[in-house]
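Below: protein09.cif (mmCIF, C-alpha atoms)
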```
data_upload
#
loop_
_atom_site.label_atom_id
_atom_site.label_comp_id
_atom_site.auth_asym_id
_atom_site.auth_seq_id
_atom_site.Cartn_x
_atom_site.Cartn_y
_atom_site.Cartn_z
CA MET N 708 -58.61 -57.15 80.53
CA GLY N 709 -55.20 -58.84 80.95
CA LYS N 710 -51.83 -57.11 80.75
CA GLY N 711 -51.18 -58.65 77.33
CA ASN N 712 -54.39 -57.35 75.81
CA ALA N 713 -53.76 -53.96 77.43
CA ALA N 714 -50.38 -53.80 75.68
CA VAL N 715 -51.94 -54.62 72.30
CA LYS N 716 -54.73 -52.11 72.89
CA GLN N 717 -52.25 -49.36 73.77
CA TRP N 718 -50.14 -50.15 70.70
CA LEU N 719 -53.08 -50.10 68.30
CA LYS N 720 -54.47 -46.95 69.87
CA ASN N 721 -51.92 -45.09 67.76
CA LYS N 722 -54.10 -43.55 65.03
CA GLU N 723 -51.62 -44.26 62.22
CA ARG N 724 -51.56 -47.97 63.08
CA PHE N 725 -55.34 -48.09 63.60
CA ALA N 726 -55.97 -46.45 60.21
CA ASP N 727 -53.39 -48.74 58.58
CA LEU N 728 -55.07 -51.85 60.01
CA PHE N 729 -58.39 -50.91 58.44
CA ASN N 730 -56.89 -49.63 55.17
CA GLY N 731 -54.82 -52.77 54.73
CA THR N 732 -57.74 -55.07 55.55
CA MET N 733 -60.58 -53.27 53.79
CA PHE N 734 -58.97 -51.22 51.01
CA GLN N 735 -55.92 -53.27 49.98
CA GLY N 736 -53.57 -50.67 51.42
CA LYS N 737 -55.09 -47.56 49.83
CA LYS N 738 -55.05 -44.62 52.23
CA ILE N 739 -58.81 -44.17 52.46
CA ILE N 740 -58.94 -43.68 56.22
CA LEU N 741 -56.58 -40.93 57.35
CA PRO N 742 -55.23 -40.80 60.93
CA GLU N 743 -56.27 -37.16 61.32
CA GLU N 744 -59.88 -38.15 60.53
CA LEU N 745 -60.02 -40.49 63.52
CA GLU N 746 -61.27 -39.64 66.98
CA SER N 747 -61.10 -41.98 69.97
CA ILE N 748 -64.45 -42.55 71.66
CA GLU N 749 -65.52 -44.26 74.83
CA SER N 750 -65.00 -48.01 74.50
CA GLU N 751 -67.01 -48.99 77.58
CA ALA N 752 -70.66 -48.11 78.00
CA ASP N 753 -73.68 -49.07 80.06
CA ILE N 754 -76.90 -49.21 78.08
CA LEU N 755 -80.34 -49.50 79.64
CA ILE N 756 -82.82 -51.60 77.66
CA THR N 757 -86.53 -51.21 78.41
CA ASP N 758 -88.95 -53.92 77.27
CA LYS N 759 -92.70 -53.63 76.54
CA GLY N 760 -93.51 -54.20 80.17
CA GLU N 761 -91.41 -51.18 81.09
CA GLN N 762 -88.88 -53.46 82.75
CA THR N 763 -85.38 -52.00 82.46
CA ARG N 764 -82.13 -53.91 82.53
CA GLU N 765 -78.55 -52.87 82.08
CA ILE N 766 -76.29 -54.26 79.38
CA GLN N 767 -72.58 -53.54 79.59
CA ARG N 768 -70.34 -53.45 76.56
CA TYR N 769 -66.56 -53.60 76.77
CA ARG N 770 -64.92 -52.89 73.45
CA ASP N 771 -61.16 -53.08 73.04
CA LEU N 772 -60.86 -50.12 70.68
CA VAL N 773 -63.43 -47.82 69.09
CA MET N 774 -62.81 -44.77 66.92
CA ARG N 775 -65.06 -42.40 65.05
CA TRP N 776 -64.01 -41.88 61.41
CA LYS N 777 -65.28 -38.64 59.98
CA SER N 778 -64.52 -37.99 56.32
CA GLY N 779 -66.36 -34.92 55.06
CA VAL N 780 -70.06 -35.44 55.76
CA HIS N 781 -69.62 -39.19 56.19
CA LEU N 782 -69.24 -40.85 59.56
CA VAL N 783 -68.41 -44.46 60.41
CA ILE N 784 -67.79 -46.14 63.78
CA LEU N 785 -64.71 -48.39 63.64
CA GLY N 786 -64.13 -51.05 66.29
CA CYS N 787 -61.34 -53.54 66.86
CA GLU N 788 -61.48 -56.61 69.08
CA ASN N 789 -58.08 -58.08 70.03
CA GLN N 790 -58.03 -61.85 70.49
CA ALA N 791 -55.08 -63.79 71.92
CA LYS N 792 -57.26 -66.91 72.16
CA ILE N 793 -59.80 -68.44 69.80
CA HIS N 794 -63.37 -67.47 70.72
CA TYR N 795 -65.85 -70.05 69.46
CA ALA N 796 -68.86 -67.76 69.84
CA MET N 797 -67.27 -64.72 68.22
CA PRO N 798 -70.07 -64.10 65.67
CA VAL N 799 -72.66 -63.80 68.46
CA ARG N 800 -70.33 -61.75 70.66
CA ASN N 801 -69.51 -59.31 67.88
CA MET N 802 -73.13 -59.13 66.76
CA LEU N 803 -74.04 -58.02 70.29
CA TYR N 804 -71.27 -55.39 70.31
CA ASP N 805 -72.36 -53.96 66.96
CA SER N 806 -76.04 -54.04 67.95
CA LEU N 807 -75.28 -52.14 71.13
CA SER N 808 -73.34 -49.56 69.12
CA TYR N 809 -76.42 -49.00 66.96
CA THR N 810 -78.64 -48.97 70.05
CA GLU N 811 -76.46 -46.31 71.63
CA GLN N 812 -76.68 -44.17 68.49
CA VAL N 813 -80.49 -44.42 68.50
CA LYS N 814 -80.54 -43.56 72.21
CA LEU N 815 -78.38 -40.44 71.76
CA ILE N 816 -80.45 -39.25 68.78
CA GLY N 817 -83.63 -39.71 70.81
CA GLU N 818 -82.23 -37.74 73.74
CA ARG N 819 -81.25 -34.87 71.45
CA SER N 820 -84.71 -34.82 69.85
CA GLN N 821 -86.48 -34.70 73.19
CA ASN N 822 -84.26 -31.84 74.35
CA GLU N 823 -85.16 -29.68 71.34
CA PRO N 824 -88.10 -27.55 72.61
CA ASN N 825 -89.42 -26.59 69.17
CA LYS N 826 -89.16 -30.01 67.57
CA LYS N 827 -92.50 -31.58 66.70
CA MET N 828 -92.73 -35.36 66.82
CA THR N 829 -95.52 -37.66 65.69
CA GLU N 830 -96.94 -40.20 68.09
CA GLU N 831 -94.97 -42.96 66.35
CA GLU N 832 -91.73 -40.97 66.47
CA PHE N 833 -92.20 -40.22 70.16
CA LEU N 834 -92.86 -43.90 70.82
CA SER N 835 -89.78 -44.94 68.83
CA LYS N 836 -87.66 -42.17 70.29
CA PHE N 837 -86.41 -41.96 66.72
CA CYS N 838 -87.79 -39.74 63.96
CA LYS N 839 -88.59 -40.81 60.43
CA ASP N 840 -85.75 -38.73 58.96
CA ASP N 841 -83.14 -39.63 61.61
CA LYS N 842 -80.16 -41.66 60.43
CA ILE N 843 -77.54 -43.81 62.14
CA TYR N 844 -73.99 -44.49 60.99
CA PRO N 845 -72.39 -47.80 59.96
CA VAL N 846 -70.39 -49.80 62.51
CA ILE N 847 -67.44 -51.85 61.23
CA THR N 848 -65.62 -54.21 63.58
CA LEU N 849 -62.38 -56.07 62.90
CA VAL N 850 -61.34 -59.09 64.96
CA LEU N 851 -57.55 -59.08 65.25
CA TYR N 852 -56.50 -62.59 66.22
CA TYR N 853 -52.83 -62.99 67.13
CA GLY N 854 -52.83 -66.42 68.80
CA GLN N 855 -50.45 -69.19 67.73
CA LYS N 856 -53.11 -71.75 66.78
CA LYS N 857 -54.89 -71.52 63.46
CA TRP N 858 -58.34 -69.97 63.85
CA ASP N 859 -60.80 -72.89 63.65
CA ALA N 860 -63.91 -71.17 65.06
CA SER N 861 -66.95 -70.00 63.13
CA ILE N 862 -66.62 -66.80 61.15
CA ASN N 863 -70.35 -66.28 60.66
CA LEU N 864 -73.63 -67.05 62.38
CA TYR N 865 -74.67 -69.80 59.95
CA ASP N 866 -71.49 -71.74 60.81
CA MET N 867 -72.70 -71.99 64.39
CA PHE N 868 -75.97 -73.73 63.44
CA PRO N 869 -76.20 -77.55 63.34
CA LYS N 870 -75.21 -78.97 59.96
CA GLU N 871 -78.57 -80.73 59.60
CA VAL N 872 -80.37 -77.40 59.82
CA LEU N 873 -78.13 -75.88 57.20
CA LYS N 874 -78.60 -78.86 54.92
CA ASN N 875 -82.37 -79.13 55.14
CA GLU N 876 -83.53 -75.59 55.84
CA LEU N 877 -80.88 -73.41 54.18
CA GLU N 878 -83.22 -71.56 51.83
CA ILE N 879 -85.64 -70.75 54.65
CA LEU N 880 -82.72 -69.57 56.79
CA LYS N 881 -81.50 -67.27 54.06
CA LYS N 882 -84.95 -65.77 53.74
CA TYR N 883 -85.84 -65.27 57.40
CA VAL N 884 -82.60 -65.45 59.42
CA PRO N 885 -79.99 -62.86 58.48
CA ASN N 886 -76.43 -64.09 58.64
CA TYR N 887 -73.73 -62.21 60.53
CA GLN N 888 -70.09 -62.42 59.48
CA ILE N 889 -67.06 -61.39 61.51
CA ASN N 890 -64.19 -59.54 59.82
CA LEU N 891 -61.31 -61.76 60.90
CA VAL N 892 -57.70 -60.60 60.63
CA GLU N 893 -55.48 -63.59 61.39
CA ALA N 894 -52.25 -61.74 62.13
CA ASN N 895 -49.81 -64.60 61.57
CA ASN N 896 -51.48 -65.76 58.35
CA ILE N 897 -51.55 -62.64 56.15
CA GLU N 898 -50.42 -63.40 52.62
CA ASN N 899 -49.76 -59.86 51.39
CA LEU N 900 -48.01 -57.84 54.08
CA GLU N 901 -47.33 -55.05 51.60
CA VAL N 902 -50.86 -53.72 52.11
CA PHE N 903 -49.72 -52.30 55.45
CA GLN N 904 -47.76 -49.05 55.41
CA THR N 905 -46.81 -48.76 59.10
CA ASP N 906 -44.84 -51.16 61.32
CA LEU N 907 -47.85 -53.51 61.23
CA GLN N 908 -46.00 -54.96 58.25
CA GLU N 909 -42.88 -55.81 60.30
CA ILE N 910 -44.76 -57.06 63.35
CA PHE N 911 -47.27 -59.21 61.43
CA GLY N 912 -44.34 -60.53 59.39
CA MET N 913 -42.54 -61.46 62.61
CA LEU N 914 -45.54 -63.52 63.76
CA GLN N 915 -45.14 -65.87 60.81
CA TYR N 916 -41.80 -67.07 62.24
CA ARG N 917 -42.47 -67.08 65.98
CA ASN N 918 -42.67 -70.89 66.23
CA ASN N 919 -39.10 -71.26 64.97
CA LYS N 920 -36.52 -69.20 66.86
CA LYS N 921 -33.83 -69.58 64.21
CA ASP N 922 -36.14 -68.37 61.41
CA LEU N 923 -37.38 -65.61 63.70
CA VAL N 924 -33.86 -64.30 64.30
CA ASN N 925 -33.11 -64.47 60.57
CA TYR N 926 -36.27 -62.46 59.85
CA ILE N 927 -35.34 -59.87 62.48
CA ARG N 928 -31.94 -59.48 60.81
CA THR N 929 -33.56 -58.75 57.45
CA LYS N 930 -35.54 -55.97 59.18
CA GLU N 931 -32.66 -54.82 61.36
CA THR N 932 -33.16 -51.11 60.69
CA TYR N 933 -36.62 -51.31 62.26
CA PHE N 934 -36.05 -53.81 65.07
CA ARG N 935 -32.97 -52.17 66.52
CA ASN N 936 -34.99 -49.03 67.32
CA VAL N 937 -38.46 -49.95 68.60
CA ASP N 938 -40.37 -47.86 71.12
CA GLU N 939 -41.51 -49.13 74.52
CA GLU N 940 -45.09 -49.83 73.38
CA THR N 941 -43.90 -51.94 70.44
CA TYR N 942 -41.46 -53.75 72.71
CA GLN N 943 -44.32 -54.70 75.07
CA VAL N 944 -46.41 -55.92 72.12
CA ILE N 945 -43.55 -58.06 70.79
CA ARG N 946 -43.23 -59.57 74.25
CA GLU N 947 -46.95 -60.37 74.24
CA PHE N 948 -46.98 -61.74 70.68
CA LEU N 949 -43.98 -64.00 71.35
CA HIS N 950 -45.35 -65.06 74.76
CA SER N 951 -41.95 -64.33 76.27
CA GLU N 952 -41.63 -62.75 79.69
CA ARG N 953 -37.93 -63.64 79.67
CA ILE N 954 -37.13 -60.81 77.26
CA LEU N 955 -38.00 -58.28 79.95
CA LYS N 956 -35.94 -60.06 82.59
CA LYS N 957 -32.72 -59.56 80.62
CA GLU N 958 -30.75 -56.37 80.21
CA ILE N 959 -31.85 -54.97 76.87
CA SER N 960 -29.41 -52.82 74.90
CA LYS N 961 -30.63 -49.38 73.96
CA GLY N 962 -31.45 -48.54 70.37
CA GLN N 963 -29.98 -45.64 68.47
CA GLY N 964 -33.04 -43.41 68.94
CA LYS N 965 -33.97 -41.70 72.17
CA GLY N 966 -35.99 -44.02 74.40
CA THR N 967 -35.81 -46.94 71.91
CA ILE N 968 -34.88 -50.59 72.41
CA ASN N 969 -32.68 -52.83 70.29
CA MET N 970 -34.84 -55.91 69.76
CA CYS N 971 -32.25 -57.53 67.49
CA LYS N 972 -30.00 -58.20 70.47
CA ALA N 973 -32.91 -59.13 72.74
CA LEU N 974 -34.19 -61.79 70.34
CA GLU N 975 -30.73 -63.16 69.58
CA ASP N 976 -30.17 -63.52 73.33
CA LEU N 977 -33.48 -65.35 73.57
CA TYR N 978 -32.46 -67.66 70.73
CA ASN N 979 -29.02 -68.36 72.23
CA ASP N 980 -30.57 -69.09 75.61
CA GLY N 981 -32.77 -71.66 73.89
CA ILE N 982 -29.72 -73.36 72.37
CA GLU N 983 -27.93 -73.37 75.73
CA GLN N 984 -30.97 -74.88 77.44
CA GLY N 985 -31.21 -77.54 74.75
CA GLU N 986 -27.53 -78.48 75.12
CA GLN N 987 -27.84 -78.59 78.91
CA LYS N 988 -30.85 -80.89 78.67
CA LYS N 989 -28.89 -83.31 76.45
CA LEU N 990 -26.03 -83.27 78.98
CA LEU N 991 -28.42 -83.90 81.88
CA ASP N 992 -29.93 -86.88 80.03
CA LEU N 993 -26.45 -88.35 79.50
CA ILE N 994 -25.52 -87.91 83.16
CA LYS N 995 -28.79 -89.52 84.25
CA LYS N 996 -28.17 -92.58 82.07
CA LYS N 997 -24.60 -92.96 83.35
CA LEU N 998 -25.73 -92.65 86.97
CA GLU N 999 -28.31 -95.38 86.34
CA LYS N 1000 -25.43 -97.60 85.21
CA GLY N 1001 -23.70 -97.03 88.55
CA LYS N 1002 -20.92 -94.76 87.35
CA THR N 1003 -19.28 -92.33 89.77
CA VAL N 1004 -19.02 -88.57 89.41
CA GLU N 1005 -15.32 -88.88 88.57
CA MET N 1006 -15.99 -91.48 85.85
CA ILE N 1007 -18.79 -89.36 84.31
CA ALA N 1008 -16.59 -86.23 84.37
CA GLU N 1009 -13.80 -88.08 82.58
CA GLU N 1010 -16.09 -89.57 79.92
CA LEU N 1011 -17.85 -86.25 79.20
CA GLU N 1012 -14.62 -84.25 79.43
CA GLU N 1013 -16.04 -82.00 82.15
CA THR N 1014 -14.82 -81.10 85.63
CA THR N 1015 -16.24 -82.96 88.60
CA ASN N 1016 -17.48 -79.62 89.92
CA THR N 1017 -19.55 -79.09 86.72
CA ILE N 1018 -21.00 -82.60 86.94
CA GLN N 1019 -21.94 -82.10 90.58
CA LYS N 1020 -23.75 -78.85 89.75
CA LEU N 1021 -25.66 -80.57 86.95
CA MET N 1022 -26.59 -83.41 89.27
CA LYS N 1023 -28.24 -80.83 91.55
CA GLU N 1024 -30.38 -79.80 88.57
CA LEU N 1025 -31.40 -83.44 88.17
CA ASP N 1026 -32.51 -83.53 91.80
CA LYS N 1027 -34.90 -80.63 91.09
CA GLU N 1028 -36.71 -82.54 88.34
#
```

Represent the structure of the file as structure tokens.
Amino acid sequence: MGKGNAAVKQWLKNKERFADLFNGTMFQGKKIILPEELESIESEADILITDKGEQTREIQRYRDLVMRWKSGVHLVILGCENQAKIHYAMPVRNMLYDSLSYTEQVKLIGERSQNEPNKKMTEEEFLSKFCKDDKIYPVITLVLYYGQKKWDASINLYDMFPKEVLKNELEILKKYVPNYQINLVEANNIENLEVFQTDLQEIFGMLQYRNNKKDLVNYIRTKETYFRNVDEETYQVIREFLHSERILKKEISKGQGKGTINMCKALEDLYNDGIEQGEQKKLLDLIKKKLEKGKTVEMIAEELEETTNTIQKLMKELDKE
């Protein structure tokens, strides 16, 4: 797992944000899943699968985030996969993850049954390692995609089949081949941000402007109260979402809260640096053209109304290209 994904994972590990992500996506913002009903569970597991020939092999599963949601007597396993890049086999990948979650539940139930000394099992139940009255809990996985490109991969299993198969054998497929659909959350393409009650609203809103620095800064200014006091985890996520390591290399002003960062200044600095770089590039192009015409440093300095020292420094930049 890369540093970027680790930052997103750590940020979403906050139970209020995690609950908000699912409530906003599944329940149109209604507070159905409460943070206090969530419990973090192991996101990495090794599962041993034994076939009919008693051959055993290990399957490893690496989930980004998994939480157990317990509301009264009901229990649901909630998973979130964070994607910075498009994954063209995501339906199959997610189907495996969910299947392994169900497999693990069956395995744990079987182990508990076998460890109960007074429990009677039929031959079929012993063979299945799962009793007739045993139950497993639903697994719901969201795919949070925060890349810059528009998601153009399949969102269900049928989309991955050849078009000729779908055209000619669709009814047979529907009858004998179950489809599998991913629950895609395209972070920079959410129409109704109001469904989110935490700072997911501000951060997902920010992503809609990240390809235009001027619009991004204007958006940050409209949300100044939030962005001038972000915590370290949010700061790292903003850095990942904007693909900008340069933010960290600058001196960031402190926010008003204890241990907070003023992102308004950081992003304005980033924007201004971009303008300065653009202006310098235009100046370098002019100098290059004038040098090609045989003009001297003194002549170029006079024409561009710059000092000869400045022109000489810029010429060194040209030598690096």

Six-sided padding of 4 Å per side, axis-aligned box over region 994-1000 of chain N, centre and edges in Å, one decimal, as JSON:
```
{"center_x": -26.7, "center_y": -92.8, "center_z": 84.5, "size_x": 12.2, "size_y": 17.7, "size_z": 12.9}
```

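Residues surrounding Ser861 (chain N) within 10 Å are Ile793, His794, Tyr795, Ala796, Met797, Pro798, Val799, Trp858, Asp859, Asn863, Leu864, Tyr865, Asp866, Met867, Phe868, Gln888 and Ile889 of chain N [only C-alpha atoms; sequence separation below 2 positions excluded].
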
Can you list, as a CSV table (one decimal) with C-alpha atoms, keeping the file's coordinate frame, the residues that the PyMOL selection byres ((chain N and resi 805) around 10) selects here?
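Contents of part_13.csv, freshly written:
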```csv
chain,number,residue,atom,x,y,z
N,768,ARG,CA,-70.3,-53.4,76.6
N,770,ARG,CA,-64.9,-52.9,73.4
N,784,ILE,CA,-67.8,-46.1,63.8
N,786,GLY,CA,-64.1,-51.0,66.3
N,799,VAL,CA,-72.7,-63.8,68.5
N,800,ARG,CA,-70.3,-61.8,70.7
N,801,ASN,CA,-69.5,-59.3,67.9
N,802,MET,CA,-73.1,-59.1,66.8
N,803,LEU,CA,-74.0,-58.0,70.3
N,804,TYR,CA,-71.3,-55.4,70.3
N,806,SER,CA,-76.0,-54.0,68.0
N,807,LEU,CA,-75.3,-52.1,71.1
N,808,SER,CA,-73.3,-49.6,69.1
N,809,TYR,CA,-76.4,-49.0,67.0
N,810,THR,CA,-78.6,-49.0,70.0
N,811,GLU,CA,-76.5,-46.3,71.6
N,845,PRO,CA,-72.4,-47.8,60.0
N,846,VAL,CA,-70.4,-49.8,62.5
N,847,ILE,CA,-67.4,-51.8,61.2
N,848,THR,CA,-65.6,-54.2,63.6
```

| What would the list of residues within 10 Å of (-50.9, -47.1, 56.2) (file frame) look like as number ranges by chain, if all atoms listed in the file are what count? | N: 723-731, 736-742, 901-908

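Of the residues listed (N:Gln1019, N:Asp992, N:Glu939, N:Lys857), N:Gln1019 shows the shortest atom-to-atom separation from Glu1005 (chain N); distances use all atoms listed in the file.
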
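Distance-wise, CA of Val783 (chain N) and CA of Ile910 (chain N) end up 27.0 Å apart.
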